[in-house]
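**Q** My structure file run-v4.cif, mmCIF, C-alpha atoms, is below:
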data_work
loop_
_atom_site.group_PDB
_atom_site.id
_atom_site.type_symbol
_atom_site.label_atom_id
_atom_site.label_comp_id
_atom_site.auth_asym_id
_atom_site.auth_seq_id
_atom_site.Cartn_x
_atom_site.Cartn_y
_atom_site.Cartn_z
ATOM 1 C CA TYR A 1 76.928 128.076 96.521
ATOM 2 C CA ASN A 2 77.841 125.874 99.514
ATOM 3 C CA TYR A 3 78.399 122.368 98.155
ATOM 4 C CA ASP A 4 78.916 120.644 101.492
ATOM 5 C CA LEU A 5 77.357 121.958 104.697
ATOM 6 C CA GLY A 6 79.820 119.954 106.805
ATOM 7 C CA ASP A 7 83.065 120.764 104.985
ATOM 8 C CA CYS A 8 81.864 124.139 103.642
ATOM 9 C CA PHE A 9 83.225 124.000 100.105
ATOM 10 C CA TYR A 10 82.045 127.265 98.593
ATOM 11 C CA HIS A 11 81.688 127.743 94.840
ATOM 12 C CA LEU A 12 81.586 131.233 93.335
ATOM 13 C CA LEU A 13 79.299 131.329 90.288
ATOM 14 C CA ARG A 14 79.630 134.134 87.742
ATOM 15 C CA LEU A 15 76.878 134.932 85.258
ATOM 16 C CA GLU A 16 78.656 135.936 82.036
ATOM 17 C CA GLU A 17 75.787 136.553 79.634
ATOM 18 C CA VAL A 18 71.997 136.393 79.311
ATOM 19 C CA VAL A 19 70.920 135.598 75.746
ATOM 20 C CA PRO A 20 67.440 136.174 74.252
ATOM 21 C CA GLU A 21 65.046 133.283 74.779
ATOM 22 C CA LEU A 22 64.790 132.529 71.055
ATOM 23 C CA ALA A 23 68.595 132.301 70.811
ATOM 24 C CA SER A 24 68.884 129.767 73.623
ATOM 25 C CA THR A 25 68.459 126.002 73.294
ATOM 26 C CA GLY A 26 68.370 125.513 77.062
ATOM 27 C CA ARG A 27 71.064 122.830 76.833
ATOM 28 C CA VAL A 28 73.488 122.272 79.707
ATOM 29 C CA GLU A 29 77.044 122.095 78.393
ATOM 30 C CA ILE A 30 80.588 122.008 79.776
ATOM 31 C CA LEU A 31 82.803 124.119 77.519
ATOM 32 C CA GLY A 32 86.097 123.761 79.391
ATOM 33 C CA GLY A 33 87.747 123.892 82.783
ATOM 34 C CA GLU A 34 90.871 123.658 84.914
ATOM 35 C CA MET A 35 91.887 121.744 88.038
ATOM 36 C CA ARG A 36 89.902 118.967 89.687
ATOM 37 C CA CYS A 37 87.208 118.974 92.360
ATOM 38 C CA PRO A 38 88.430 118.806 95.976
ATOM 39 C CA ASP A 39 88.171 115.483 97.753
ATOM 40 C CA GLU A 40 84.719 114.329 98.878
ATOM 41 C CA ASP A 41 84.310 114.498 102.673
ATOM 42 C CA GLY A 42 87.455 116.630 102.901
ATOM 43 C CA ASP A 43 88.532 119.398 105.266
ATOM 44 C CA GLY A 44 86.892 122.404 103.646
ATOM 45 C CA CYS A 45 88.071 125.323 101.509
ATOM 46 C CA ALA A 46 90.662 126.812 103.873
ATOM 47 C CA ALA A 47 92.417 123.490 104.526
ATOM 48 C CA TYR A 48 92.371 122.536 100.842
ATOM 49 C CA GLN A 49 93.898 125.890 99.937
ATOM 50 C CA GLU A 50 96.663 125.570 102.535
ATOM 51 C CA LYS A 51 97.440 121.844 102.235
ATOM 52 C CA VAL A 52 97.060 121.440 98.478
ATOM 53 C CA LEU A 53 96.656 124.538 96.305
ATOM 54 C CA ASP A 54 99.325 126.733 97.951
ATOM 55 C CA LEU A 55 101.835 123.879 97.824
ATOM 56 C CA HIS A 56 100.883 123.105 94.224
ATOM 57 C CA SER A 57 101.624 126.730 93.272
ATOM 58 C CA ARG A 58 105.004 126.617 95.013
ATOM 59 C CA VAL A 59 106.052 123.411 93.274
ATOM 60 C CA ALA A 60 104.826 124.679 89.901
ATOM 61 C CA SER A 61 106.909 127.856 90.270
ATOM 62 C CA ASP A 62 109.961 125.992 91.639
ATOM 63 C CA PRO A 63 110.184 122.280 90.649
ATOM 64 C CA THR A 64 113.424 121.958 92.665
ATOM 65 C CA ASP A 65 111.572 122.659 95.950
ATOM 66 C CA SER A 66 111.671 119.059 97.208
ATOM 67 C CA LYS A 67 110.291 119.909 100.650
ATOM 68 C CA SER A 68 107.122 121.448 99.229
ATOM 69 C CA ALA A 69 106.844 118.675 96.633
ATOM 70 C CA ARG A 70 106.912 116.006 99.335
ATOM 71 C CA LYS A 71 104.336 117.848 101.471
ATOM 72 C CA LEU A 72 102.064 118.168 98.447
ATOM 73 C CA ALA A 73 102.543 114.484 97.564
ATOM 74 C CA ALA A 74 101.657 113.443 101.135
ATOM 75 C CA ALA A 75 98.521 115.617 101.120
ATOM 76 C CA CYS A 76 97.408 114.166 97.780
ATOM 77 C CA PHE A 77 98.144 110.599 98.887
ATOM 78 C CA GLU A 78 95.883 111.079 101.904
ATOM 79 C CA ARG A 79 93.067 111.919 99.490
ATOM 80 C CA ARG A 80 93.435 108.773 97.350
ATOM 81 C CA GLY A 81 90.555 106.849 98.976
ATOM 82 C CA THR A 82 87.873 109.522 98.802
ATOM 83 C CA LEU A 83 84.702 108.678 96.916
ATOM 84 C CA ASN A 84 85.343 110.970 93.959
ATOM 85 C CA VAL A 85 88.974 109.860 93.537
ATOM 86 C CA LEU A 86 89.632 106.153 94.302
ATOM 87 C CA GLY A 87 93.186 106.398 93.026
ATOM 88 C CA ARG A 88 95.905 108.976 92.429
ATOM 89 C CA PHE A 89 94.792 112.481 93.437
ATOM 90 C CA ASP A 90 96.158 115.167 91.131
ATOM 91 C CA PRO A 91 94.910 118.706 91.923
ATOM 92 C CA ALA A 92 95.781 119.846 88.366
ATOM 93 C CA GLU A 93 93.798 117.087 86.680
ATOM 94 C CA PHE A 94 90.983 118.060 84.331
ATOM 95 C CA ASP A 95 89.558 115.646 81.771
ATOM 96 C CA LEU A 96 86.919 117.396 79.656
ATOM 97 C CA GLU A 97 85.392 114.205 78.281
ATOM 98 C CA ALA A 98 85.250 112.628 81.748
ATOM 99 C CA ARG A 99 83.469 115.723 83.088
ATOM 100 C CA ARG A 100 81.004 115.642 80.208
ATOM 101 C CA ALA A 101 80.331 111.971 80.958
ATOM 102 C CA ALA A 102 79.737 112.856 84.627
ATOM 103 C CA LEU A 103 77.295 115.585 83.536
ATOM 104 C CA ALA A 104 75.430 113.054 81.385
ATOM 105 C CA ASP A 105 75.178 110.706 84.391
ATOM 106 C CA ALA A 106 73.858 113.541 86.544
ATOM 107 C CA LEU A 107 71.183 114.491 83.981
ATOM 108 C CA ASN A 108 70.138 110.846 83.865
ATOM 109 C CA SER A 109 69.793 110.586 87.660
ATOM 110 C CA ARG A 110 67.149 111.669 90.174
ATOM 111 C CA ASN A 111 67.242 114.865 92.210
ATOM 112 C CA SER A 112 69.143 114.685 95.488
ATOM 113 C CA THR A 113 67.177 113.953 98.649
ATOM 114 C CA TYR A 114 66.546 116.653 101.262
ATOM 115 C CA ASN A 115 65.856 114.433 104.261
ATOM 116 C CA SER A 116 69.237 112.745 104.668
ATOM 117 C CA VAL A 117 73.004 113.245 104.397
ATOM 118 C CA LYS A 118 75.952 111.286 103.070
ATOM 119 C CA MET A 119 77.924 109.564 105.814
ATOM 120 C CA PHE A 120 81.294 107.824 106.089
ATOM 121 C CA SER A 121 81.722 105.526 109.077
ATOM 122 C CA SER A 122 83.294 102.297 110.294
ATOM 123 C CA ARG A 123 79.942 100.501 109.966
ATOM 124 C CA PRO A 124 76.689 101.109 108.051
ATOM 125 C CA GLY A 125 75.128 104.390 109.068
ATOM 126 C CA PHE A 126 71.509 105.258 109.688
ATOM 127 C CA THR A 127 69.521 106.189 106.587
ATOM 128 C CA MET A 128 66.180 108.023 106.382
ATOM 129 C CA ALA A 129 64.780 106.233 103.318
ATOM 130 C CA ARG A 130 61.098 107.072 102.908
ATOM 131 C CA ILE A 131 58.477 106.341 100.273
ATOM 132 C CA GLY A 132 60.109 106.512 96.839
ATOM 133 C CA GLN A 133 63.643 106.275 98.248
ATOM 134 C CA LYS A 134 66.350 103.698 98.888
ATOM 135 C CA GLY A 135 69.044 103.579 101.532
ATOM 136 C CA VAL A 136 72.333 102.530 99.946
ATOM 137 C CA THR A 137 75.515 101.399 101.706
ATOM 138 C CA VAL A 138 78.816 100.881 99.900
ATOM 139 C CA LYS A 139 82.129 99.590 101.272
ATOM 140 C CA VAL A 140 85.182 101.588 100.165
ATOM 141 C CA TYR A 141 88.359 99.487 100.401
ATOM 142 C CA ASP A 142 91.768 101.047 101.064
ATOM 143 C CA PRO A 143 94.793 99.681 103.004
ATOM 144 C CA LYS A 144 94.767 102.791 105.206
ATOM 145 C CA TYR A 145 91.579 101.430 106.815
ATOM 146 C CA GLU A 146 93.352 98.268 107.958
ATOM 147 C CA SER A 147 92.220 98.736 111.582
ATOM 148 C CA ASN A 148 88.615 98.579 110.382
ATOM 149 C CA GLY A 149 88.963 95.473 108.232
ATOM 150 C CA GLY A 150 90.373 97.386 105.279
ATOM 151 C CA TYR A 151 87.335 99.532 104.457
ATOM 152 C CA VAL A 152 84.977 102.309 105.509
ATOM 153 C CA VAL A 153 81.256 102.396 104.799
ATOM 154 C CA PHE A 154 79.597 105.096 102.721
ATOM 155 C CA THR A 155 75.855 105.522 103.356
ATOM 156 C CA GLU A 156 73.372 107.702 101.486
ATOM 157 C CA THR A 157 69.678 107.977 100.683
ATOM 158 C CA VAL A 158 68.697 108.257 97.014
ATOM 159 C CA ASN A 159 65.432 108.986 95.254
ATOM 160 C CA VAL A 160 63.959 106.306 93.009
ATOM 161 C CA LYS A 161 60.662 108.110 92.466
ATOM 162 C CA PRO A 162 60.326 110.331 89.364
ATOM 163 C CA ASP A 163 61.288 113.968 89.746
ATOM 164 C CA PRO A 164 58.456 116.535 89.560
ATOM 165 C CA GLN A 165 58.142 117.937 86.036
ATOM 166 C CA ASP A 166 58.730 121.482 87.282
ATOM 167 C CA ALA A 167 61.929 120.443 89.069
ATOM 168 C CA THR A 168 63.745 118.342 86.488
ATOM 169 C CA LEU A 169 65.585 118.590 83.170
ATOM 170 C CA CYS A 170 65.758 116.772 79.872
ATOM 171 C CA ALA A 171 67.660 113.539 80.569
ATOM 172 C CA ASN A 172 69.597 113.944 77.340
ATOM 173 C CA CYS A 173 70.550 117.602 77.025
ATOM 174 C CA GLY A 174 69.532 119.279 80.296
ATOM 175 C CA SER A 175 66.983 121.676 78.838
ATOM 176 C CA PRO A 176 64.099 122.612 81.194
ATOM 177 C CA ASN A 177 61.775 123.498 78.296
ATOM 178 C CA ASP A 178 58.742 121.620 76.890
ATOM 179 C CA LEU A 179 59.345 118.472 78.945
ATOM 180 C CA LYS A 180 57.358 115.290 78.348
ATOM 181 C CA GLN A 181 57.583 111.950 80.184
ATOM 182 C CA CYS A 182 58.905 108.772 78.617
ATOM 183 C CA GLY A 183 55.810 106.810 77.572
ATOM 184 C CA GLY A 184 57.420 103.520 78.582
ATOM 185 C CA CYS A 185 58.468 104.116 82.175
ATOM 186 C CA GLY A 186 57.071 107.538 83.080
ATOM 187 C CA SER A 187 60.238 108.251 85.049
ATOM 188 C CA VAL A 188 62.393 110.446 82.812
ATOM 189 C CA TYR A 189 61.680 113.553 80.740
ATOM 190 C CA TYR A 190 62.731 114.830 77.329
ATOM 191 C CA CYS A 191 62.446 118.222 75.650
ATOM 192 C CA SER A 192 62.057 116.810 72.134
ATOM 193 C CA ARG A 193 61.660 113.633 70.104
ATOM 194 C CA GLU A 194 65.253 114.056 68.919
ATOM 195 C CA CYS A 195 66.578 114.005 72.494
ATOM 196 C CA GLN A 196 64.409 111.020 73.381
ATOM 197 C CA ALA A 197 65.654 109.066 70.359
ATOM 198 C CA ALA A 198 69.290 109.915 71.074
ATOM 199 C CA HIS A 199 69.005 109.013 74.768
ATOM 200 C CA TRP A 200 67.178 105.773 73.937
ATOM 201 C CA LYS A 201 70.117 104.572 71.849
ATOM 202 C CA LEU A 202 72.745 105.685 74.338
ATOM 203 C CA VAL A 203 71.218 104.703 77.677
ATOM 204 C CA HIS A 204 67.512 104.370 78.165
ATOM 205 C CA LYS A 205 66.854 101.296 76.026
ATOM 206 C CA LYS A 206 68.779 99.236 78.582
ATOM 207 C CA VAL A 207 66.965 100.537 81.659
ATOM 208 C CA CYS A 208 63.440 101.540 80.605
ATOM 209 C CA LYS A 209 61.831 98.287 81.813
ATOM 210 C CA LYS A 210 63.714 98.509 85.111
ATOM 211 C CA GLU A 211 62.614 102.123 85.527
ATOM 212 C CA LYS A 212 59.011 101.098 84.837
ATOM 213 C CA LYS A 213 59.139 98.474 87.602
ATOM 214 C CA ALA A 214 60.573 101.052 90.010
ATOM 215 C CA PHE A 215 57.779 103.484 89.083
ATOM 216 C CA GLU A 216 55.103 100.804 89.625
ATOM 217 C CA ASN A 217 56.661 99.927 92.980
ATOM 218 C CA TYR A 218 56.546 103.614 93.941
ATOM 219 C CA GLN A 219 52.854 103.712 93.042
ATOM 220 C CA ARG A 220 52.222 100.740 95.346
ATOM 221 C CA GLU A 221 54.067 102.533 98.150
ATOM 222 C CA LEU A 222 51.850 105.580 97.680
ATOM 223 C CA GLU A 223 48.677 103.469 97.719
ATOM 224 C CA SER A 224 49.677 101.608 100.887
ATOM 225 C CA GLY A 225 51.168 104.643 102.588
ATOM 226 C CA LYS A 226 54.200 102.540 103.554
ATOM 227 C CA PRO A 227 57.761 102.516 102.187
ATOM 228 C CA ASP A 228 59.139 99.395 100.519
ATOM 229 C CA PRO A 229 60.526 97.053 103.229
ATOM 230 C CA ASP A 230 63.340 96.118 100.811
ATOM 231 C CA ARG A 231 64.465 99.729 100.381
ATOM 232 C CA PHE A 232 67.794 99.204 102.151
ATOM 233 C CA VAL A 233 70.398 97.810 99.742
ATOM 234 C CA GLU A 234 74.155 97.315 99.545
ATOM 235 C CA GLY A 235 75.888 98.622 96.450
ATOM 236 C CA PRO A 236 78.948 97.065 94.771
ATOM 237 C CA PRO A 237 82.197 97.651 96.705
ATOM 238 C CA LEU A 238 84.622 100.351 95.602
ATOM 239 C CA VAL A 239 88.367 99.684 95.633
ATOM 240 C CA VAL A 240 91.117 102.283 95.627
ATOM 241 C CA ARG A 241 93.350 101.747 92.582
ATOM 242 C CA TYR A 242 97.086 101.579 93.263
ATOM 243 C CA TYR A 243 97.774 102.499 89.629
ATOM 244 C CA ASP A 244 96.360 102.267 86.113
ATOM 245 C CA PRO A 245 98.382 99.613 84.220
ATOM 246 C CA ALA A 246 97.311 101.102 80.878
ATOM 247 C CA ASN A 247 98.480 104.619 81.823
ATOM 248 C CA LEU A 248 101.712 104.384 83.813
ATOM 249 C CA ARG A 249 103.341 107.791 84.216
ATOM 250 C CA PHE A 250 106.992 106.804 83.814
ATOM 251 C CA ARG A 251 108.921 104.879 81.186
ATOM 252 C CA VAL A 252 111.903 102.610 81.729
ATOM 253 C CA GLY A 253 114.937 104.837 82.195
ATOM 254 C CA THR A 254 113.077 107.727 83.856
ATOM 255 C CA LYS A 255 115.032 109.324 86.699
ATOM 256 C CA VAL A 256 112.907 109.342 89.855
ATOM 257 C CA GLU A 257 112.878 110.112 93.556
ATOM 258 C CA CYS A 258 111.213 107.276 95.465
ATOM 259 C CA MET A 259 110.358 106.319 99.013
ATOM 260 C CA ILE A 260 112.875 103.895 100.521
ATOM 261 C CA GLY A 261 111.628 103.964 104.123
ATOM 262 C CA GLN A 262 109.493 105.905 106.592
ATOM 263 C CA ASP A 263 109.864 109.562 105.513
ATOM 264 C CA THR A 264 113.067 108.593 103.702
ATOM 265 C CA TYR A 265 113.686 109.120 99.991
ATOM 266 C CA GLY A 266 116.341 108.144 97.484
ATOM 267 C CA THR A 267 116.947 108.536 93.778
ATOM 268 C CA GLY A 268 117.355 106.101 90.932
ATOM 269 C CA ARG A 269 115.927 105.043 87.576
ATOM 270 C CA VAL A 270 112.945 102.938 86.546
ATOM 271 C CA VAL A 271 114.219 99.618 85.189
ATOM 272 C CA ARG A 272 110.950 97.713 84.790
ATOM 273 C CA GLN A 273 107.221 98.350 84.543
ATOM 274 C CA LEU A 274 104.522 96.077 86.042
ATOM 275 C CA TYR A 275 107.023 94.261 88.241
ATOM 276 C CA PHE A 276 106.156 91.060 90.098
ATOM 277 C CA GLU A 277 108.168 88.695 92.276
ATOM 278 C CA GLU A 278 107.413 85.729 94.486
ATOM 279 C CA GLY A 279 105.653 86.696 97.705
ATOM 280 C CA MET A 280 103.922 89.764 96.254
ATOM 281 C CA THR A 281 100.116 89.821 96.287
ATOM 282 C CA GLN A 282 99.923 92.006 93.167
ATOM 283 C CA GLN A 283 102.114 93.604 90.533
ATOM 284 C CA ALA A 284 103.919 96.809 91.342
ATOM 285 C CA PRO A 285 103.872 99.584 88.744
ATOM 286 C CA TYR A 286 107.666 100.018 88.801
ATOM 287 C CA GLN A 287 110.940 98.431 89.806
ATOM 288 C CA ILE A 288 113.688 100.996 90.483
ATOM 289 C CA LYS A 289 117.479 100.684 90.451
ATOM 290 C CA LEU A 290 118.794 103.073 93.087
ATOM 291 C CA ASP A 291 121.852 105.205 92.395
ATOM 292 C CA LYS A 292 125.173 104.713 94.188
ATOM 293 C CA ASP A 293 124.677 107.479 96.767
ATOM 294 C CA THR A 294 121.268 106.100 97.801
ATOM 295 C CA ALA A 295 122.605 102.543 97.918
ATOM 296 C CA ARG A 296 125.439 103.730 100.153
ATOM 297 C CA ARG A 297 122.983 105.417 102.533
ATOM 298 C CA MET A 298 120.967 102.194 102.684
ATOM 299 C CA GLY A 299 124.096 100.140 103.332
ATOM 300 C CA VAL A 300 123.603 97.766 100.405
ATOM 301 C CA PRO A 301 125.858 96.972 97.423
ATOM 302 C CA HIS A 302 124.908 99.047 94.402
ATOM 303 C CA GLN A 303 124.325 95.970 92.235
ATOM 304 C CA HIS A 304 121.630 94.796 94.676
ATOM 305 C CA ALA A 305 119.973 98.193 95.246
ATOM 306 C CA LEU A 306 116.640 97.325 93.637
ATOM 307 C CA ILE A 307 113.254 98.273 95.100
ATOM 308 C CA TYR A 308 109.714 98.569 93.813
ATOM 309 C CA ALA A 309 106.982 101.187 94.209
ATOM 310 C CA GLN A 310 103.519 99.936 95.178
ATOM 311 C CA TRP A 311 101.677 103.094 94.061
ATOM 312 C CA ASP A 312 102.019 105.192 90.924
ATOM 313 C CA ASP A 313 101.767 108.318 93.026
ATOM 314 C CA ASP A 314 104.115 111.216 93.778
ATOM 315 C CA PHE A 315 104.094 110.240 97.453
ATOM 316 C CA GLN A 316 106.022 107.061 96.628
ATOM 317 C CA ILE A 317 107.642 107.912 93.311
ATOM 318 C CA ARG A 318 108.001 111.160 91.385
ATOM 319 C CA LYS A 319 109.947 112.258 88.346
ATOM 320 C CA ILE A 320 112.994 114.472 88.799
ATOM 321 C CA SER A 321 115.139 116.244 86.231
#
Written as structure tokens, how would this file's structure read?

**A**
Amino acid sequence: YNYDLGDCFYHLLRLEEVVPELASTGRVEILGGEMRCPDEDGDGCAAYQEKVLDLHSRVASDPTDSKSARKLAAACFERRGTLNVLGRFDPAEFDLEARRAALADALNSRNSTYNSVKMFSSRPGFTMARIGQKGVTVKVYDPKYESNGGYVVFTETVNVKPDPQDATLCANCGSPNDLKQCGGCGSVYYCSRECQAAHWKLVHKKVCKKEKKAFENYQRELESGKPDPDRFVEGPPLVVRYYDPANLRFRVGTKVECMIGQDTYGTGRVVRQLYFEEGMTQQAPYQIKLDKDTARRMGVPHQHALIYAQWDDDFQIRKIS
């Protein structure tokens, strides 16, 4: 399965078992997993293997390989601002509950469009929104886009019209069997009353009226033969997170290697979390007291060898033994 025709991320799917129809519920479930998805709008399978996965294997087998660790950290840091990351990129990350939540969102969404592509550009791209569709632009903010005002623009076309009954799934469990439309909005399908009741409590109660209005608007588009003139919208901006203050990786006293200049690293210990001083625009995740050897290389007295890390990311700060 080729996920991205531009970057050519190929997925190999293996069928493990076919169960009798009466033994199957038809539900879509995630049972487990390992590693995270590659970065959206990345360089493709070969580059991801070479720049990330091979280096990750080397560092895992030899944690003292600082050269490979720094290359891996730089490659991951470059991926921090991609749409499916927006923060620290960890190739080994896998959060089962987060993936199950993403699956639930996917089941509750419309089918992808076939007449347009996702685009990243310095300004809003061209979108092919037709009847029953919207063209959405979103600004993604990251300091690395400073030359473009601090952001890039993500553009895509999304369906707002209901999916055909023979090409959709139960919005609650993912079953394709015995589907019936929601009587309120006519836009989502359920395989049973139990799934409809469960989904109503979790999600649909909040959006059914909105979905009904969207369905009625789609009907008007069909009658007029013209797409909605207000179909081009701007979504809420996305901001790359420097760190998660509730989930900092290192405690006070942790021995770390940190960036002290352009391609220059030193060692020390974390002395404070969520550090702030006058002149800073936001808190830093850590303040670090550098060791004597690093202070000597920097040409500063050891008692004054204090720096802070802006990102909670291995590119700027990583734990060492």

**Q** So which residues touch Tyr141 of chain A within 6 Å, counting all atoms listed in the file, skipping near sequence neighbours fewer than 2 positions away, as a PyMOL selection string?

**A** chain A and resi 150-151+239

**Q** So how many Å separate atom CA of Val256 of chain A and atom CA of Val270 of chain A, to one decimal?

**A** 7.2 Å

**Q** Evaluate the PyMOL selection byres ((chain A and resi 6-23) around 12) on the structure here and hand back the selected residues as an MDAnalysis selection string.

**A** chainID A and resid 1:5 24:27 37:49 117:119 177

**Q** Give me, as a list in words, all polymer residues having an atom no more than 9 Å from Gln273 of chain A, counting only C-alpha atoms and skipping those fewer than 3 positions away in the same chain.

**A**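 Residues meeting the cut-off are Pro245, Leu248, Phe250, Arg251, Val252, Val270, Ala284, Pro285, Tyr286 and Gln287 of chain A.
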
**Q** Please identify all polymer residues within 6 Å of segment 306-317 of chain A, counting all atoms listed in the file, omitting same-chain residues fewer than 2 positions from it, and present them as a list in words.

**A**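 My reading of the contact set: Ala73, Ala74, Arg88, Tyr242, Tyr243, Glu257, Cys258, Met259, Ala284, Tyr286, Gln287, Ile288, Lys289 and His304 of chain A.
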
**Q** Quick one: which residues end up in the PyMOL selection byres ((chain A and resi 125-133) around 8) for this structure, as a PyMOL selection string?

**A** chain A and resi 115-116+119-121+123-124+134-135+137+153-161+218+221-222+225-228+231-232

**Q** Would you write out, as a ChimeraX atom specification, every residue that the PyMOL selection byres ((chain A and resi 85) around 10) captures in this file?

**A** /A:36-40,79-84,86-90,240-241

**Q** Could you check how far atom CA of Arg110 of chain A sits from atom CA of Ala214 of chain A, in Å to one decimal?

**A**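 These two atoms are separated by 12.5 Å.
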
**Q** Using only C-alpha atoms for the distances, tell me which of A:Ala167, A:Glu93, A:Leu290, A:His56 is nearest to Asn111 of chain A.

**A** A:Ala167

**Q** Hey, what's within 9 Å of Ser321 of chain A if we count only C-alpha atoms and toss same-chain stuff fewer than 2 positions away? As a PyMOL selection string, please?

**A** chain A and resi 63-64+255-256+319

**Q** Give me the box for segment 23-36 of chain A as lines of an AutoDock Vina configuration file, namely the centre and edge lengths in Å to one decimal of a box along x, y and z that holds every listed atom plus 8 Å on each side.

**A**
center_x = 80.1
center_y = 125.6
center_z = 80.2
size_x = 39.5
size_y = 29.3
size_z = 34.9

**Q** Provide the atom CA of Asp62 of chain A to atom CA of Met35 of chain A distance in Å, to one decimal place.

**A**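 So the answer is 18.9 Å.
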
**Q** From the list A:Ser175, A:Asn247, A:Pro162, A:Tyr265, which residue is nearest Phe215 of chain A when using only C-alpha atoms?

**A**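 Using only C-alpha atoms, Phe215 of chain A sits closest to A:Pro162.
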
**Q** Fewer than 5 positions away in the same chain doesn't count, so skip those; otherwise give me all residues within 10 Å of His302 of chain A, counting only C-alpha atoms, as a PyMOL selection string.

**A** chain A and resi 289-296

**Q** Taking into account all atoms listed in the file, which residue in the set A:Lys212, A:Ala171, A:Val138, A:Gln282 is nearest to Cys195 of chain A?

**A** A:Ala171
